[in-house]
Amino acid sequence: MTLRACGLIIFRQVSQHPPPDNIQYLLLQTSYGHHHWTPPKGHVDPGEDDMTTALRETEEEAGLLAGQLRIIDSFLRELHYKVQGKSKEVLYWLAELRDPETQVTLSKEHQDYRWAGLEEACALAQYKEMQNTLRDAHHFLTAGGSKLGGRCHSGLVDVS
Ligand SMILES: Nc1nc2c(ncn2[C@@H]2O[C@H](COP(=O)(O)OP(=O)(O)OP(=O)(O)OP(=O)(O)OC[C@H]3O[C@@H](n4cnc5c(=O)[nH]c(N)nc54)[C@H](O)[C@@H]3O)[C@@H](O)[C@H]2O)c(=O)[nH]1
């Protein structure tokens with residue numbers, strides 16, 4: 001049976017850097033195993049829909065509430081890899097943190113977090129699948145897939 005997990009690639013825009021380096025991605029470092037870095041995500045509970053899982057895990061793992069995020073549901077990527085011989089699929093949407101100063105609050109599952117530019121995020125993410133997804137997301141955000149800076153892209157869903 002395939003393990004299924006869902007999460008959000010959360011980004012924020014900061015004013016200290018000019019575009020496209022003003023976009024930073026949130027990665028969390030696990031407090032277990034090899035202490036790998038991933039966006040907030042987790043296993044789908046029985047009967048739960050995918051977006052509910054992504055939002056629940058984001059709240060549990062990063063302390064960020066749905067109303068603090070702008071979900072970009074026109075960006076969806078599915079990753080496939082093996083975990084201890086079992087197939088795993090992970091779905092990620094993109095989400096912007098509305099207020100870039102919002103505090104991240106970790107659970108016991110993670111020991112650290114980082115807001116990282118694309119290259120640092122790819123270095124932390126370590127796995128090809130995740131790196132490609134981050135690069136896709138960055139391209140989407142910077143090459144016209146989404147209009148940032150106050151104007152809403154048609155794919156932006158206000159979940160507040
Ligand atoms: N003590 C302990 N406890 C653990 C451990 N493990 C889990 N727990 C417990 O489980 C709960 C988590 O539950 P949720 O939050 O619901 O789910 P997820 O977020 O889905 O959880 P994971 O962290 O299991 O999921 P992945 O990120 O997918 O990592 C799984 C493996 O895949 C590798 N990996 C990651 N990404 C990629 C990739 O892109 N490509 C490839 N090729 N590989 C990749 C990665 O290196 C790792 O070896 C926690 O409460 C823990 O208590 C563990 O080793 N020791």
# chains A, B, ... in the order shown; residues from 1 in each chain; ligands from 1
>>> select_by_dssp(residues="stretch 27-123 of chain A", states="helix (DSSP H, G or I)", output="short mmCIF file (atom, residue, chain, number, x, y, z; two decimals) with N, CA and C atoms, in the first residue's frame")
data_model
loop_
_atom_site.label_atom_id
_atom_site.label_comp_id
_atom_site.auth_asym_id
_atom_site.auth_seq_id
_atom_site.Cartn_x
_atom_site.Cartn_y
_atom_site.Cartn_z
N ASP A 50 -7.24 15.92 1.19
CA ASP A 50 -5.82 16.26 1.08
C ASP A 50 -5.50 17.67 1.59
N MET A 51 -6.33 18.63 1.22
CA MET A 51 -6.05 20.01 1.64
C MET A 51 -6.20 20.16 3.16
N THR A 52 -7.18 19.44 3.72
CA THR A 52 -7.35 19.48 5.18
C THR A 52 -6.09 18.94 5.86
N THR A 53 -5.54 17.87 5.32
CA THR A 53 -4.29 17.32 5.86
C THR A 53 -3.18 18.35 5.79
N ALA A 54 -3.03 18.97 4.62
CA ALA A 54 -1.93 19.93 4.43
C ALA A 54 -2.05 21.08 5.43
N LEU A 55 -3.26 21.58 5.62
CA LEU A 55 -3.45 22.70 6.55
C LEU A 55 -3.28 22.25 8.00
N ARG A 56 -3.79 21.07 8.33
CA ARG A 56 -3.64 20.56 9.70
C ARG A 56 -2.17 20.36 10.05
N GLU A 57 -1.43 19.73 9.15
CA GLU A 57 -0.01 19.47 9.41
C GLU A 57 0.78 20.78 9.52
N THR A 58 0.40 21.76 8.71
CA THR A 58 1.09 23.06 8.75
C THR A 58 0.85 23.73 10.10
N GLU A 59 -0.37 23.61 10.59
CA GLU A 59 -0.67 24.20 11.91
C GLU A 59 0.08 23.42 13.00
N GLU A 60 0.03 22.08 12.92
CA GLU A 60 0.69 21.27 13.96
C GLU A 60 2.20 21.46 13.97
N GLU A 61 2.79 21.50 12.78
CA GLU A 61 4.26 21.47 12.69
C GLU A 61 4.91 22.85 12.69
N ALA A 62 4.17 23.87 12.23
CA ALA A 62 4.78 25.21 12.13
C ALA A 62 3.99 26.27 12.88
N ALA A 66 -4.54 28.55 8.80
CA ALA A 66 -5.03 28.73 7.43
C ALA A 66 -5.23 30.21 7.10
N GLY A 67 -5.76 30.97 8.04
CA GLY A 67 -6.04 32.38 7.80
C GLY A 67 -4.79 33.23 7.64
N GLN A 68 -3.64 32.70 8.01
CA GLN A 68 -2.37 33.43 7.86
C GLN A 68 -1.71 33.13 6.51
N LEU A 118 16.06 30.20 -2.71
CA LEU A 118 15.95 28.96 -3.49
C LEU A 118 17.17 28.06 -3.37
N GLU A 119 18.37 28.60 -3.56
CA GLU A 119 19.55 27.73 -3.58
C GLU A 119 19.82 27.11 -2.22
N GLU A 120 19.65 27.89 -1.17
CA GLU A 120 19.85 27.34 0.18
C GLU A 120 18.78 26.29 0.47
N ALA A 121 17.56 26.57 0.03
CA ALA A 121 16.46 25.61 0.26
C ALA A 121 16.75 24.29 -0.45
N CYS A 122 17.26 24.38 -1.68
CA CYS A 122 17.58 23.15 -2.43
C CYS A 122 18.72 22.39 -1.75
N ALA A 123 19.69 23.11 -1.23
CA ALA A 123 20.81 22.45 -0.55
C ALA A 123 20.31 21.74 0.71
#
>>> residues_around(residues="A:Trp115", least_positions_apart="2", cutoff="9 Å", atoms="only C-alpha atoms", output="PyMOL selection string")
chain A and resi 11-12+24-27+113+117+121
>>> write_last_selection(atoms="N, CA and C atoms", output="compact mmCIF listing (two decimals), in the first residue's frame")
# COMPACT_ATOMS: atom_id res chain seq x y z
N PHE A 11 6.00 30.02 1.31
CA PHE A 11 7.00 31.05 1.01
C PHE A 11 6.56 32.37 1.61
N ARG A 12 7.53 33.24 1.78
CA ARG A 12 7.23 34.61 2.20
C ARG A 12 8.05 35.56 1.34
N GLN A 24 11.45 33.58 0.02
CA GLN A 24 12.10 32.61 0.91
C GLN A 24 11.12 31.48 1.22
N TYR A 25 11.66 30.28 1.32
CA TYR A 25 10.84 29.08 1.55
C TYR A 25 11.07 28.55 2.96
N LEU A 26 10.00 28.04 3.53
CA LEU A 26 10.08 27.52 4.90
C LEU A 26 10.41 26.03 4.88
N LEU A 27 11.51 25.68 5.55
CA LEU A 27 11.86 24.27 5.70
C LEU A 27 12.01 23.96 7.19
N TYR A 113 14.06 25.36 12.13
CA TYR A 113 13.43 25.76 10.87
C TYR A 113 14.28 26.83 10.22
N GLY A 117 16.37 31.15 0.80
CA GLY A 117 16.25 31.43 -0.62
C GLY A 117 16.34 30.12 -1.40
N ALA A 121 17.56 26.57 0.03
CA ALA A 121 16.46 25.61 0.26
C ALA A 121 16.75 24.29 -0.45
>>> closest_residue(among="A:Val104, A:Val44, A:Ile71, A:Leu65", to="A:Ile9", atoms="only C-alpha atoms")
A:Ile71
>>> residues_around(residues="A:Leu124", least_positions_apart="6", cutoff="10 Å", atoms="only C-alpha atoms", output="ChimeraX atom specification")
/A:27-29,36-38,114,116,118,130-131
>>> write_last_selection(atoms="all heavy atoms", output="CSV table (one decimal), in the first residue's frame")
chain,number,residue,atom,x,y,z
A,27,LEU,N,11.5,25.7,5.5
A,27,LEU,CA,11.9,24.3,5.7
A,27,LEU,C,12.0,24.0,7.2
A,27,LEU,O,12.5,24.8,8.0
A,27,LEU,CB,13.2,23.9,5.0
A,27,LEU,CG,13.1,24.0,3.4
A,27,LEU,CD1,14.4,23.8,2.8
A,27,LEU,CD2,12.1,22.9,2.9
A,28,LEU,N,11.6,22.8,7.6
A,28,LEU,CA,11.6,22.3,9.0
A,28,LEU,C,12.6,21.1,9.0
A,28,LEU,O,12.6,20.3,8.1
A,28,LEU,CB,10.3,21.9,9.4
A,28,LEU,CG,9.1,22.8,9.1
A,28,LEU,CD1,7.8,22.1,9.6
A,28,LEU,CD2,9.2,24.1,9.8
A,29,GLN,N,13.4,21.1,10.1
A,29,GLN,CA,14.3,20.0,10.3
A,29,GLN,C,13.8,19.0,11.3
A,29,GLN,O,13.5,19.4,12.4
A,29,GLN,CB,15.7,20.5,10.7
A,29,GLN,CG,16.7,19.4,10.8
A,29,GLN,CD,18.1,19.9,11.3
A,29,GLN,OE1,18.1,20.8,12.2
A,29,GLN,NE2,19.1,19.3,10.8
A,36,HIS,N,16.4,15.3,8.5
A,36,HIS,CA,16.2,15.9,7.1
A,36,HIS,C,15.3,17.1,7.2
A,36,HIS,O,14.6,17.3,8.2
A,36,HIS,CB,15.7,14.8,6.1
A,36,HIS,CG,14.4,14.3,6.4
A,36,HIS,ND1,14.1,13.4,7.4
A,36,HIS,CD2,13.2,14.5,5.7
A,36,HIS,CE1,12.8,13.1,7.4
A,36,HIS,NE2,12.2,13.7,6.4
A,37,TRP,N,15.4,17.9,6.1
A,37,TRP,CA,14.6,19.1,6.1
A,37,TRP,C,13.5,18.9,5.1
A,37,TRP,O,13.7,18.5,4.0
A,37,TRP,CB,15.5,20.3,5.6
A,37,TRP,CG,16.6,20.6,6.5
A,37,TRP,CD1,17.8,20.0,6.7
A,37,TRP,CD2,16.6,21.8,7.4
A,37,TRP,NE1,18.5,20.7,7.7
A,37,TRP,CE2,17.8,21.8,8.1
A,37,TRP,CE3,15.7,22.8,7.7
A,37,TRP,CZ2,18.2,22.7,9.1
A,37,TRP,CZ3,16.0,23.7,8.7
A,37,TRP,CH2,17.3,23.7,9.4
A,38,THR,N,12.3,19.3,5.5
A,38,THR,CA,11.1,19.3,4.5
A,38,THR,C,10.2,20.4,4.8
A,38,THR,O,10.2,21.0,5.9
A,38,THR,CB,10.3,18.0,4.6
A,38,THR,OG1,9.3,18.1,5.6
A,38,THR,CG2,11.1,16.7,4.9
A,114,ARG,N,14.1,27.0,8.9
A,114,ARG,CA,14.9,28.0,8.2
A,114,ARG,C,14.0,28.6,7.1
A,114,ARG,O,13.2,27.9,6.5
A,114,ARG,CB,16.0,27.3,7.5
A,114,ARG,CG,17.2,28.1,7.0
A,114,ARG,CD,18.2,28.5,8.0
A,114,ARG,NE,18.7,27.5,8.9
A,114,ARG,CZ,19.8,26.8,8.6
A,114,ARG,NH1,20.4,26.9,7.5
A,114,ARG,NH2,20.3,25.9,9.5
A,116,ALA,N,14.6,30.1,3.7
A,116,ALA,CA,15.8,30.0,2.8
A,116,ALA,C,15.4,30.4,1.4
A,116,ALA,O,14.4,30.1,0.9
A,116,ALA,CB,16.3,28.6,2.8
A,118,LEU,N,16.1,30.2,-2.7
A,118,LEU,CA,16.0,29.0,-3.5
A,118,LEU,C,17.2,28.1,-3.4
A,118,LEU,O,17.0,26.9,-3.1
A,118,LEU,CB,15.7,29.3,-5.0
A,118,LEU,CG,15.6,28.1,-5.9
A,118,LEU,CD1,14.4,27.2,-5.5
A,118,LEU,CD2,15.6,28.5,-7.3
A,130,MET,N,12.5,16.8,-4.2
A,130,MET,CA,12.2,18.0,-3.5
A,130,MET,C,12.8,19.2,-4.1
A,130,MET,O,12.2,20.3,-4.2
A,130,MET,CB,12.6,17.8,-2.0
A,130,MET,CG,12.0,18.9,-1.1
A,130,MET,SD,10.2,18.7,-1.0
A,130,MET,CE,9.6,20.3,-1.5
A,131,GLN,N,14.1,19.0,-4.5
A,131,GLN,CA,14.8,20.2,-5.2
A,131,GLN,C,14.0,20.6,-6.4
A,131,GLN,O,13.8,21.8,-6.7
A,131,GLN,CB,16.2,19.8,-5.5
A,131,GLN,CG,17.0,19.6,-4.2
A,131,GLN,CD,18.4,19.0,-4.5
A,131,GLN,OE1,18.6,18.3,-5.5
A,131,GLN,NE2,19.3,19.1,-3.6
>>> residues_near_ligand(ligand="ligand 1", cutoff="7 Å", atoms="only C-alpha atoms and all ligand atoms", output="list in words")
Ala5, Thr30, Tyr32, Gly33, His34, His36, Thr38, Pro40, Lys41, Gly42, His43, Glu57, Leu79, Tyr81, Lys82, Val83, Glu109, Tyr127, Lys128, Glu129 and Met130 of chain A
>>> select_by_dssp(residues="stretch 8-136 of chain A", states="strand (DSSP E)", output="PyMOL selection string")
chain A and resi 8-13+23-30+37-38+41-43+69-83+86-97+110-116
>>> atom_distance(atom1="atom CA of A:Leu91", atom2="atom CA of A:Cys6")
4.7 Å
